[in-house]
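Undergrad: This is the structure I have questions about; it appears just below.
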Amino acid sequence: MENIHLAIVEDDILIKESLESYLGENKNITITFIANSVEDFLKAIDVSRDPKIDVVLLDIGLPGISGLKGIRPIKKRLPKANIIMLTTYEEDDKIFKALCAGAVSYISKRTPLTKIEEAIITIYRGGSYMSPSIARKVINYFAPTQEKEESKLTLRQEQIVQGVLDGLSYKMIADRYLISVDTVRDHIKKIYLILNIHSKGELIKKMQSGFLK
């Protein structure tokens, strides 16, 4: 009979209580740790001489150290634990940062409790689980490069690319088009994704090769 040792790191009281109440009813799941922050969780497992944790449900938007930044220190202390990101954030960059840092799953908080329970069991057994909307983002990310490059940049994205080619800083581009610096950064991330590049140098090289012509 399975005995999955689960830890929950979540600061939202209602969500935390719902998870504890529902998952606690499963005879195959033992909730061993519940914490409001990464810091509290790390302190708790450091105090415990032999923390038994198979799966960690980890929120991203936590006070103090974010869930994203907390993945690596948690994995360092619990190398065999499977980390499931349970979050309201579905931005591409957060999904891939979490997976690259060592998380094995990324689930939306809109996911029904029954599906979260299913994900925990599936991952414990060595499988994988993603919310459908997030799985689609992962599939799109790894789509063939040619298909991505055929995707057209929006007019605003082309304007921002031109600003980069003109040698402007993000602040100067923002001032030119009367938008915020954060909006410029967001567009840059999307441009990199569409063009399958990872740096300003690659962007300039691709633009100079006549991609937008």
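FYI, nothing fancy with the structure tokens labels: chains A, B, ... in order, residues from 1 per chain, ligands from 1 as they appear.
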Can you list, as a PyMOL selection string, every protein, DNA or RNA residue that comes within 7 Å of segment 26-31 of chain A when you count only C-alpha atoms, leaving out same-chain residues fewer than 5 positions away?

TA: chain A and resi 2-7

Undergrad: Name the residues in contact with Leu68 of chain A at a cut-off of 12 Å, using only C-alpha atoms, excluding same-chain residues fewer than 2 positions from it; report them as an MDAnalysis selection string.

TA: chainID A and resid 37:38 58:66 70:75 83:87 89 93:103 106

Undergrad: Kindly export the residues of the current selection with N, CA and C atoms, as a JSON list (two decimals), in the first residue's frame.

TA:
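The file below, result.json, is the result:
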[["chain", "number", "residue", "atom", "x", "y", "z"],
["A", 37, "SER", "N", 5.71, 29.69, 4.15],
["A", 37, "SER", "CA", 6.77, 30.28, 3.34],
["A", 37, "SER", "C", 7.89, 29.28, 3.13],
["A", 38, "VAL", "N", 8.74, 29.57, 2.15],
["A", 38, "VAL", "CA", 9.91, 28.73, 1.88],
["A", 38, "VAL", "C", 10.82, 28.72, 3.10],
["A", 58, "LEU", "N", 4.18, 23.39, -3.96],
["A", 58, "LEU", "CA", 4.85, 24.67, -3.70],
["A", 58, "LEU", "C", 4.21, 25.82, -4.47],
["A", 59, "ASP", "N", 3.76, 26.82, -3.75],
["A", 59, "ASP", "CA", 3.19, 28.02, -4.37],
["A", 59, "ASP", "C", 4.32, 28.90, -4.88],
["A", 60, "ILE", "N", 4.04, 29.75, -5.86],
["A", 60, "ILE", "CA", 5.05, 30.69, -6.36],
["A", 60, "ILE", "C", 5.00, 32.01, -5.60],
["A", 61, "GLY", "N", 3.80, 32.58, -5.48],
["A", 61, "GLY", "CA", 3.67, 33.91, -4.86],
["A", 61, "GLY", "C", 3.67, 33.87, -3.36],
["A", 62, "LEU", "N", 4.81, 33.57, -2.79],
["A", 62, "LEU", "CA", 4.94, 33.46, -1.33],
["A", 62, "LEU", "C", 5.62, 34.69, -0.74],
["A", 63, "PRO", "N", 5.38, 34.99, 0.53],
["A", 63, "PRO", "CA", 6.09, 36.10, 1.18],
["A", 63, "PRO", "C", 7.56, 35.71, 1.35],
["A", 64, "GLY", "N", 8.43, 36.69, 1.26],
["A", 64, "GLY", "CA", 9.86, 36.37, 1.39],
["A", 64, "GLY", "C", 10.39, 35.75, 0.11],
["A", 65, "ILE", "N", 11.08, 34.62, 0.24],
["A", 65, "ILE", "CA", 11.61, 33.91, -0.93],
["A", 65, "ILE", "C", 10.45, 33.37, -1.76],
["A", 66, "SER", "N", 10.45, 33.66, -3.04],
["A", 66, "SER", "CA", 9.37, 33.17, -3.90],
["A", 66, "SER", "C", 9.50, 31.66, -4.09],
["A", 70, "GLY", "N", 12.78, 29.30, -4.39],
["A", 70, "GLY", "CA", 12.87, 28.30, -3.32],
["A", 70, "GLY", "C", 13.09, 26.89, -3.83],
["A", 71, "ILE", "N", 12.91, 26.66, -5.13],
["A", 71, "ILE", "CA", 13.05, 25.30, -5.67],
["A", 71, "ILE", "C", 14.44, 24.73, -5.42],
["A", 72, "ARG", "N", 15.47, 25.49, -5.77],
["A", 72, "ARG", "CA", 16.84, 24.96, -5.66],
["A", 72, "ARG", "C", 17.24, 24.65, -4.22],
["A", 73, "PRO", "N", 17.01, 25.55, -3.24],
["A", 73, "PRO", "CA", 17.38, 25.19, -1.87],
["A", 73, "PRO", "C", 16.58, 24.01, -1.33],
["A", 74, "ILE", "N", 15.33, 23.88, -1.76],
["A", 74, "ILE", "CA", 14.53, 22.73, -1.33],
["A", 74, "ILE", "C", 15.10, 21.45, -1.93],
["A", 75, "LYS", "N", 15.43, 21.50, -3.22],
["A", 75, "LYS", "CA", 16.01, 20.32, -3.87],
["A", 75, "LYS", "C", 17.37, 19.96, -3.28],
["A", 83, "ILE", "N", 8.82, 18.17, -6.76],
["A", 83, "ILE", "CA", 8.20, 19.47, -6.49],
["A", 83, "ILE", "C", 7.14, 19.78, -7.55],
["A", 84, "ILE", "N", 5.92, 20.02, -7.06],
["A", 84, "ILE", "CA", 4.81, 20.42, -7.93],
["A", 84, "ILE", "C", 4.52, 21.89, -7.67],
["A", 85, "MET", "N", 4.62, 22.72, -8.70],
["A", 85, "MET", "CA", 4.28, 24.13, -8.56],
["A", 85, "MET", "C", 2.76, 24.26, -8.66],
["A", 86, "LEU", "N", 2.15, 24.80, -7.63],
["A", 86, "LEU", "CA", 0.70, 25.02, -7.61],
["A", 86, "LEU", "C", 0.49, 26.52, -7.55],
["A", 87, "THR", "N", 0.04, 27.13, -8.65],
["A", 87, "THR", "CA", 0.10, 28.57, -8.73],
["A", 87, "THR", "C", -0.97, 29.20, -9.62],
["A", 89, "TYR", "N", 0.00, 31.75, -11.51],
["A", 89, "TYR", "CA", 0.79, 32.29, -12.61],
["A", 89, "TYR", "C", 0.92, 31.27, -13.74],
["A", 93, "ASP", "N", 7.55, 32.34, -19.01],
["A", 93, "ASP", "CA", 8.86, 32.42, -18.38],
["A", 93, "ASP", "C", 8.86, 31.75, -17.00],
["A", 94, "LYS", "N", 7.77, 31.91, -16.24],
["A", 94, "LYS", "CA", 7.70, 31.30, -14.92],
["A", 94, "LYS", "C", 7.60, 29.78, -15.01],
["A", 95, "ILE", "N", 6.85, 29.30, -15.99],
["A", 95, "ILE", "CA", 6.72, 27.85, -16.18],
["A", 95, "ILE", "C", 8.09, 27.23, -16.45],
["A", 96, "PHE", "N", 8.84, 27.81, -17.38],
["A", 96, "PHE", "CA", 10.11, 27.21, -17.77],
["A", 96, "PHE", "C", 11.21, 27.44, -16.74],
["A", 97, "LYS", "N", 11.14, 28.54, -16.01],
["A", 97, "LYS", "CA", 12.10, 28.74, -14.92],
["A", 97, "LYS", "C", 11.89, 27.69, -13.84],
["A", 98, "ALA", "N", 10.63, 27.40, -13.55],
["A", 98, "ALA", "CA", 10.32, 26.40, -12.53],
["A", 98, "ALA", "C", 10.79, 25.02, -12.96],
["A", 99, "LEU", "N", 10.50, 24.64, -14.20],
["A", 99, "LEU", "CA", 10.90, 23.33, -14.69],
["A", 99, "LEU", "C", 12.42, 23.20, -14.78],
["A", 100, "CYS", "N", 13.07, 24.26, -15.22],
["A", 100, "CYS", "CA", 14.53, 24.24, -15.33],
["A", 100, "CYS", "C", 15.20, 24.18, -13.96],
["A", 101, "ALA", "N", 14.55, 24.75, -12.94],
["A", 101, "ALA", "CA", 15.12, 24.77, -11.59],
["A", 101, "ALA", "C", 14.96, 23.43, -10.89],
["A", 102, "GLY", "N", 14.09, 22.57, -11.41],
["A", 102, "GLY", "CA", 13.95, 21.25, -10.80],
["A", 102, "GLY", "C", 12.54, 20.80, -10.47],
["A", 103, "ALA", "N", 11.55, 21.67, -10.72],
["A", 103, "ALA", "CA", 10.16, 21.24, -10.49],
["A", 103, "ALA", "C", 9.79, 20.19, -11.54],
["A", 106, "TYR", "N", 3.72, 21.57, -13.04],
["A", 106, "TYR", "CA", 3.26, 22.95, -12.89],
["A", 106, "TYR", "C", 1.75, 22.94, -13.06]]

Undergrad: For Asp50 of chain A, find every residue with an atom within 12 Å (counting only C-alpha atoms), except residues of its own chain fewer than 4 positions away, and show them as a PyMOL selection string.

TA: chain A and resi 32+44-46+77-78

Undergrad: Just the selected residues (N, CA and C atoms), exported as an mmCIF file, in the first residue's frame, please.

TA:
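Writing the result to result.cif gives the following:
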data_model
loop_
_atom_site.group_PDB
_atom_site.id
_atom_site.type_symbol
_atom_site.label_atom_id
_atom_site.label_comp_id
_atom_site.auth_asym_id
_atom_site.auth_seq_id
_atom_site.Cartn_x
_atom_site.Cartn_y
_atom_site.Cartn_z
ATOM 1 N N THR A 32 3.018 15.598 5.990
ATOM 2 C CA THR A 32 4.057 15.648 7.028
ATOM 3 C C THR A 32 4.487 17.067 7.403
ATOM 4 N N ALA A 44 11.875 24.052 9.121
ATOM 5 C CA ALA A 44 11.203 22.861 9.646
ATOM 6 C C ALA A 44 11.934 21.583 9.251
ATOM 7 N N ILE A 45 12.363 21.489 8.000
ATOM 8 C CA ILE A 45 13.041 20.260 7.579
ATOM 9 C C ILE A 45 14.466 20.201 8.111
ATOM 10 N N ASP A 46 15.064 21.369 8.390
ATOM 11 C CA ASP A 46 16.407 21.374 8.975
ATOM 12 C C ASP A 46 16.364 20.880 10.418
ATOM 13 N N ARG A 77 18.233 20.227 -0.149
ATOM 14 C CA ARG A 77 17.997 19.519 1.107
ATOM 15 C C ARG A 77 17.211 18.230 0.912
ATOM 16 N N LEU A 78 16.355 18.228 -0.126
ATOM 17 C CA LEU A 78 15.504 17.062 -0.393
ATOM 18 C C LEU A 78 15.662 16.641 -1.851
#

Undergrad: Using only C-alpha atoms for the distances, tell me which of A:Ser133, A:Asn196, A:Thr114, A:Thr183 is nearest to Glu25 of chain A.

TA: A:Thr114

Undergrad: Got a sec to tell me which of chain A DSSP assigns to strand (DSSP E), as a VMD selection string?

TA: chain A and resid 4 to 9 29 to 35 55 to 58 82 to 87 105 to 108

Undergrad: In Å to one decimal, how far is atom CA of Glu17 of chain A from atom CA of Tyr124 of chain A?

TA: 22.1 Å

Undergrad: One decimal, Å: what's the distance from atom CA of Lys80 of chain A over to atom CA of Asp54 of chain A, could you say?

TA: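 Going from atom CA of Lys80 of chain A over to atom CA of Asp54 of chain A, I get 7.1 Å.
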